[in-house]
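Enquirer: Have a look at the structure that comes next, please.
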Protein chains: 2
Amino acid sequence: MSTSLQILLFIALLIAAAKTAGSLASRLGLPAVLGELLAGVILGPSALNIWHMHWLATPGEGGASVAGVFKVLAQLGVVVLMFVAGLETDIQMAKRALKPAFWAASGGVVLPMAGGYLLSRWFGFGWREALFIGTILTATSVTITAQTLMNLSQIRSTAGSTILGAAVIDDVLGLIVLSLVIAVSARSGGGSVGNWKALVMPVSYMTGCLVAMFAAGPFLTRWLMKQASRMHGHHMEVAAALSIAFLMAFTAESLGKMAAITGAYLAGLFVAATPSHERVIEELRAMTNSFFGPIFLVSIGLEVNAWQSGGYLGFFAILLGIAIVGKIVGCGLGAGFAGFSRRDSFVVGIGMIPRGEVGLITASIGFAAGLVTRDIYAQTVLLVLITTLITPALLRYAFPKELLQASVSETAAAEISL
Amino acid sequence: MSTSLQILLFIALLIAAAKTAGSLASRLGLPAVLGELLAGVILGPSALNIWHMHWLATPGEGGASVAGVFKVLAQLGVVVLMFVAGLETDIQMAKRALKPAFWAASGGVVLPMAGGYLLSRWFGFGWREALFIGTILTATSVTITAQTLMNLSQIRSTAGSTILGAAVIDDVLGLIVLSLVIAVSARSGGGSVGNWKALVMPVSYMTGCLVAMFAAGPFLTRWLMKQASRMHGHHMEVAAALSIAFLMAFTAESLGKMAAITGAYLAGLFVAATPSHERVIEELRAMTNSFFGPIFLVSIGLEVNAWQSGGYLGFFAILLGIAIVGKIVGCGLGAGFAGFSRRDSFVVGIGMIPRGEVGLITASIGFAAGLVTRDIYAQTVLLVLITTLITPALLRYAFPKELLQASVSETAAAEISL
């Protein structure tokens with residue numbers, strides 16, 4: 001059986017499983033992403049072990065193995081997903097509540113990062129792995145928070161818009177941290193942090209690449225998208241946007257020594273500023289929801305074996321605590337510093353707890369690069385699941401009750417899709 | 001550099017080149033497909049030889065090579081394209097002019113098939129290769145004909161609707177012939193045609209699979225699409241449709257011993273009969289136009305080396321003659337048999353000349369299966385180019401002038417996109 005045939009079967013099963021599980025999750029009031037992730041866990045070694053199915057286990061006749069091709073597809077999927085994340089970034093929202101959002105995001109990056117690093121060092125991990133574990137904890141995905149805030153009619157409240165703005169800033173800060181960590185822990189750097197060159201060289205590559213991208217990117221992107229929109233033919237703008245995203249992802253990793261997703265995210269921000277952005281988003285969404293999204297989320301679950309990650313239970317319990325308390329305290333202090341009341345600061349902190357796709361993407365990059373072990377990877381997936389599951393209840397508890405009663409009538413006006 | 005990174009660069013360049021060339025072709029009044037195909041030829045060994053570029057030539061760090069992964073992507077692309085072809089098939093159009101369309105299509109399949117087979121045998125090819133060369137000649141793609149007919153305001157004329165109907169029937173007949181040929185020339189069949197079992201076994205597999213698909217397929221597809229449309233979440237219908245297409249493609253090849261594209265095409269026909277079909281088409285078109293389409297068309301050009309296919313010049317000239325005259329005479333006789341005037345029969349025959357995506361897909365399947373050599377593959381690409389380029393002029397010449405003048409006013413009414 002040829003590899004293409006195996007991939008056909010595999011993707012058919014994968015899409016069906018992921019979308020069914022995603023739909024069930026969403027019916028239970030949870031983000032669809034969680035269901036798709038769980039579908040991957042079930043298809044993986046934790047339960048069905050799909051790679052050992054007769055039709056998929058036999059090596060394909062072509063040069064490439066199913067697993068090898070699938071890995072590349074999943075990494076292509078990550079790039080497309082981060083491009084869409086950039087496209088959907090609401091910069092206006094971040095600007096509106098810039099000051100509190102910035103401080104909340106910064107606090108929520110520094111504290112979990114430091115906590116994760118120190119804990120990992122304490123448990124005997126090397127500095128690279130510890131740095132990476134810290135980085136994973138910096139991520140925030142406010143999809144579930146935004147949904148809950150909408151249900152509570154608080155999406156346009158001070159705390160609500162601060163959370164949404166802080167999430168944008170957190171994405172950017174998280175990517176910077178991730179790129180720095182990747183640059184610093186690149187293979188060329190030898191074994192020690194003391195190596196001065198190992199730190200300066202990659203950081204200067206990264207800075208040079210980012211400066212070049214920010215200097216030329218917006219203008220070039222606008223020009224290319226304009227040319228594309230004038231061209232004869234259908235769907236020229238999505239095609240151009242995809243091409244730009246792939247090229248910037250490639251450049252970020254190969255020339256800038258950063259993560260490819262940083263380039264894809266920046267491409268998304270740049271395309272978002274062009275007149276074609278709504279069209280591109282709409283046409284890309286079908287592609288990500290039906291193809292690249294399920295492929296990426298299932299690929300994560302497939303790497304996880306729920307029965308083999310019991311070793312570090314104590315470590316995981318503390319890590320989870322740091323992930324939760326680090327955001328509540330870090331973001332809360334940041335918001336308080338910007339003048340928020342205690343209650344509002346607490347709400348902001350809780351809203352920033354859930355890790356999500358970005359945390360998973362970060363972990364998968366570290367896993368692919370050999371910076372984190374399979375165990376830590378599995379624990380990250382669990383961490384994402386738990387932080388996402390607990391947030392809605394915590395938020396409901398944290399919100400001042402008198403505020404909730406006052407604003408029930410606003411429900412109809414609030415509609416935001418993240 | 002990892003394979004994923006190489007694929008990112010490669011696809012970025014590929015999409016940009018294909019869409020630019022497609023847009024130029026379309027500005028010149030030619031089908032965009034031709035431009036995208038030529039972009040592949042230019043990127044391939046005929047000119048730029050992109051696989052030898054420094055960044056792509058170094059073997060990737062993962063288990064899979066760029067070329068290997070790209071091949072799988074291209075074959076995934078073919079399946080998606082044939083699924084869309086099935087989805088867009090206008091069965092009503094075929095029914096409206098059923099009798100003449102059926103006879104025209106049949107004549108246009110039998111004559112080129114027989115001519116291609118005999119010519120190849122005469123030039124010393126084995127029976128499998130000869131059968132396959134004949135099969136490639138049976139294809140018809142009326143995109144360019146439909147465009148020309150629209151320009152001439154003849155798309156709704158007797159000849160026009162017969163051509164469109166015959167193209168549908170030709171697709172189905174062509175797939176049946178292709179599946180038969182693949183089944184019969186499967187490796188298990190030993191070397192000789194005389195082997196009775198080698199013929200009966202695969203044909204019975206194929207028949208069994210087709211009967212099962214036609215018996216259960218429409219009902220199951222309708223049921224699945226209905227479930228998908230009721231599910232919580234976005235783009236559930238496209239996801240379900242893709243999953244069905246991949247699964248049927250897999251089944252057709254692995255259980256039915258047919259070409260995977262036959263399953264994909266049937267899946268398209270089945271989904272086209274559900275209420276979700278317009279939505280699915282619209283959301284898939286962005287994906288095919290911006291991603292899978294360019295990948296497939298460029299992959300064909302990449303396999304062709306224009307400087308190394310001069311060997312069979314005499315053979316190619318006669319083959320081209322058979323491809324053209326076979327359709328004019330075969331389809332024309334069929335239409336005449338159904339009672340068409342000589343002029344109209346001639347027009348139908350000319351309208352059916354262009355080979356297109358289906359011819360290329362057939363050739364690429366034969367090439368992948370080792371049934372046709374690289375030389376023949378290259379000649380097929382040339383054949384598709386030439387038959388497509390000459391048709392508009394021939395059609396304009398063939399149409400009765402008095403008819404053209406009478407119907408100029410109808411232009412506005414005629415709008416069909418194929």
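Simple scheme: letters A, B, ... for chains in structure tokens order, numbers from 1 for residues in each chain, numbers from 1 for ligands in the order shown.
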Could you pull the residues within 7 Å of range 83-88 of chain A, counting only C-alpha atoms, minus those fewer than 6 positions along the same chain, as a PyMOL selection string?

Expert: chain A and resi 245+264-269+271-272+281

Enquirer: Counting only C-alpha atoms, what are the residues of range 298-374 of chain A within 9 Å of range 122-141 of chain A, and for each of them which pair of atoms is the nearest and at what distance in Å, to one decimal? Sort the table by chain and rising number, as JSON lines.

Expert:
{"residue": "A:Phe315", "atom": "CA", "partner": "A:Phe123", "partner_atom": "CA", "distance": 7.4}
{"residue": "A:Leu319", "atom": "CA", "partner": "A:Leu137", "partner_atom": "CA", "distance": 8.8}
{"residue": "A:Ile322", "atom": "CA", "partner": "A:Leu137", "partner_atom": "CA", "distance": 8.5}
{"residue": "A:Ala323", "atom": "CA", "partner": "A:Leu137", "partner_atom": "CA", "distance": 5.9}
{"residue": "A:Gly326", "atom": "CA", "partner": "A:Leu137", "partner_atom": "CA", "distance": 8.8}
{"residue": "A:Lys327", "atom": "CA", "partner": "A:Thr138", "partner_atom": "CA", "distance": 8.4}
{"residue": "A:Met352", "atom": "CA", "partner": "A:Thr140", "partner_atom": "CA", "distance": 6.1}
{"residue": "A:Ile353", "atom": "CA", "partner": "A:Thr140", "partner_atom": "CA", "distance": 6.7}
{"residue": "A:Pro354", "atom": "CA", "partner": "A:Ser141", "partner_atom": "CA", "distance": 5.8}
{"residue": "A:Arg355", "atom": "CA", "partner": "A:Thr140", "partner_atom": "CA", "distance": 4.6}
{"residue": "A:Gly356", "atom": "CA", "partner": "A:Ser141", "partner_atom": "CA", "distance": 4.8}
{"residue": "A:Glu357", "atom": "CA", "partner": "A:Ser141", "partner_atom": "CA", "distance": 6.9}
{"residue": "A:Val358", "atom": "CA", "partner": "A:Ala139", "partner_atom": "CA", "distance": 6.0}
{"residue": "A:Gly359", "atom": "CA", "partner": "A:Ala139", "partner_atom": "CA", "distance": 5.1}
{"residue": "A:Leu360", "atom": "CA", "partner": "A:Ile136", "partner_atom": "CA", "distance": 7.9}
{"residue": "A:Ile361", "atom": "CA", "partner": "A:Ile136", "partner_atom": "CA", "distance": 8.9}
{"residue": "A:Thr362", "atom": "CA", "partner": "A:Ile136", "partner_atom": "CA", "distance": 6.0}
{"residue": "A:Ala363", "atom": "CA", "partner": "A:Ile136", "partner_atom": "CA", "distance": 6.2}
{"residue": "A:Gly366", "atom": "CA", "partner": "A:Phe132", "partner_atom": "CA", "distance": 7.0}
{"residue": "A:Leu371", "atom": "CA", "partner": "A:Glu129", "partner_atom": "CA", "distance": 5.5}
{"residue": "A:Val372", "atom": "CA", "partner": "A:Glu129", "partner_atom": "CA", "distance": 5.7}
{"residue": "A:Thr373", "atom": "CA", "partner": "A:Glu129", "partner_atom": "CA", "distance": 8.6}

Enquirer: Within 9 Å of Val177 in chain B, counting only C-alpha atoms, which residues qualify if same-chain residues fewer than 3 places away don't, as number ranges by chain?

Expert: B: 109, 135, 138, 172-174, 180-182

Enquirer: Grab the residues selected above and save them as a PDB file, in the first residue's frame with N, CA and C atoms.

Expert:
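This went into result.pdb:
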ATOM      1  N   VAL B 109     -14.740   8.123 -26.585  1.00  0.00           N
ATOM      2  CA  VAL B 109     -13.918   7.274 -25.738  1.00  0.00           C
ATOM      3  C   VAL B 109     -13.332   6.120 -26.557  1.00  0.00           C
ATOM      4  N   THR B 135      -5.938   5.053 -22.706  1.00  0.00           N
ATOM      5  CA  THR B 135      -6.804   5.594 -21.657  1.00  0.00           C
ATOM      6  C   THR B 135      -6.607   7.090 -21.478  1.00  0.00           C
ATOM      7  N   THR B 138      -8.644   9.175 -23.764  1.00  0.00           N
ATOM      8  CA  THR B 138     -10.115   9.221 -23.651  1.00  0.00           C
ATOM      9  C   THR B 138     -10.604  10.451 -22.902  1.00  0.00           C
ATOM     10  N   VAL B 172     -17.213   9.974 -16.558  1.00  0.00           N
ATOM     11  CA  VAL B 172     -17.604   8.712 -15.932  1.00  0.00           C
ATOM     12  C   VAL B 172     -17.042   7.530 -16.727  1.00  0.00           C
ATOM     13  N   LEU B 173     -17.230   7.568 -18.065  1.00  0.00           N
ATOM     14  CA  LEU B 173     -16.698   6.480 -18.895  1.00  0.00           C
ATOM     15  C   LEU B 173     -15.184   6.388 -18.745  1.00  0.00           C
ATOM     16  N   GLY B 174     -14.531   7.539 -18.770  1.00  0.00           N
ATOM     17  CA  GLY B 174     -13.078   7.549 -18.660  1.00  0.00           C
ATOM     18  C   GLY B 174     -12.613   6.907 -17.355  1.00  0.00           C
ATOM     19  N   LEU B 180     -10.736  -0.082 -14.964  1.00  0.00           N
ATOM     20  CA  LEU B 180     -10.573  -1.389 -15.598  1.00  0.00           C
ATOM     21  C   LEU B 180      -9.113  -1.642 -15.948  1.00  0.00           C
ATOM     22  N   VAL B 181      -8.506  -0.647 -16.574  1.00  0.00           N
ATOM     23  CA  VAL B 181      -7.114  -0.821 -17.011  1.00  0.00           C
ATOM     24  C   VAL B 181      -6.202  -1.041 -15.813  1.00  0.00           C
ATOM     25  N   ILE B 182      -6.425  -0.265 -14.750  1.00  0.00           N
ATOM     26  CA  ILE B 182      -5.593  -0.441 -13.555  1.00  0.00           C
ATOM     27  C   ILE B 182      -5.812  -1.815 -12.954  1.00  0.00           C
TER      28      ILE B 182
END

Enquirer: Measure the distance from CA of Tyr205 in chain B to CA of Leu255 in chain B in Å and round it to one decimal.

Expert: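 Atom-to-atom, CA of Tyr205 in chain B and CA of Leu255 in chain B are spaced 7.2 Å apart.
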
Enquirer: For Phe292 in chain A, which of B:Leu175, B:Ala306, B:Ile169, B:Ala239 is the closest residue, counting only C-alpha atoms?

Expert: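 Counting only C-alpha atoms, the residue closest to Phe292 in chain A is B:Ala239.
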
Enquirer: Among range 149-338 of chain B, which residues does DSSP mark as helix (DSSP H, G or I) when it is run on the backbone? Keep the chain and numbering as in the structure and answer as a ChimeraX atom specification.

Expert: /B:149-151,158-184,187-189,196-230,236-254,260-272,277-303,306-308,313-337
